[in-house]
Every structure is written in C-alpha cells, then in structure tokens.
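All remarks here apply to the structure that follows.
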Amino acid sequence: RRWGQLQREVDYAAVASQVFLALDAGRAMRDLGLTVPANPMRNETILGRSFDPAQPDAYLNSFAIKR
C-alpha cells in the first residue's frame, strides 16, 4: 500500500491471523509443557523503530520516505 501497489484497504490483522498460525503454535507449545503467551502479536523493534501489529500504518508513516 505504501508504494501505491494496492488498490484497496487491507485488513492486516486478518492476513496475519491466516499466515501467522499462532493457534497452531500455541497448541504445540502446550503439548511441550510450555507457557503460551496471552497475546502472540507483541510489539517489536524493526529497523530501530517500534512496530505495533495493531497499528501497522503508524510504523510505515514513521519513515521519511513516502510513496
């Protein structure tokens, strides 16, 4: 979207839930006796900037380079 290649809005959370497979990973962790995180979509630091998966546009907009 940032580069003008997507013609419509994207539900990034829905896409992430389809490809991230956190539920499958959680089951495997439980099977191994490990503690499953309450929220698998945690904030990360990427390229020295904070990325909140609930607000992907804020991360993209934090860069000086635009479309």
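We label chains A, B, ... in the order they appear in the structure tokens, count residues from 1 in each chain, and number ligands from 1 in the order shown.
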Could you give me, as a PDB file with C-alpha atoms, in the first residue's frame, each residue of chain A that DSSP assigns to strand (DSSP E) when run on this structure's backbone?
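Written file, states_17.pdb:
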ATOM      1  CA  GLU A  44       8.747  -5.494  18.120  1.00  0.00           C
ATOM      2  CA  THR A  45      11.607  -3.195  17.174  1.00  0.00           C
ATOM      3  CA  ILE A  46      12.276  -3.344  13.443  1.00  0.00           C
ATOM      4  CA  ARG A  49      11.608   1.642  15.183  1.00  0.00           C
ATOM      5  CA  SER A  50       8.779   0.328  17.309  1.00  0.00           C
ATOM      6  CA  PHE A  51       6.275  -1.812  15.396  1.00  0.00           C
TER       7      PHE A  51
END
With distances taken over only C-alpha atoms, which of A:Leu6, A:Val19, A:Ala25, A:Ala58 is nearest to Pro40 (chain A)? A:Ala25
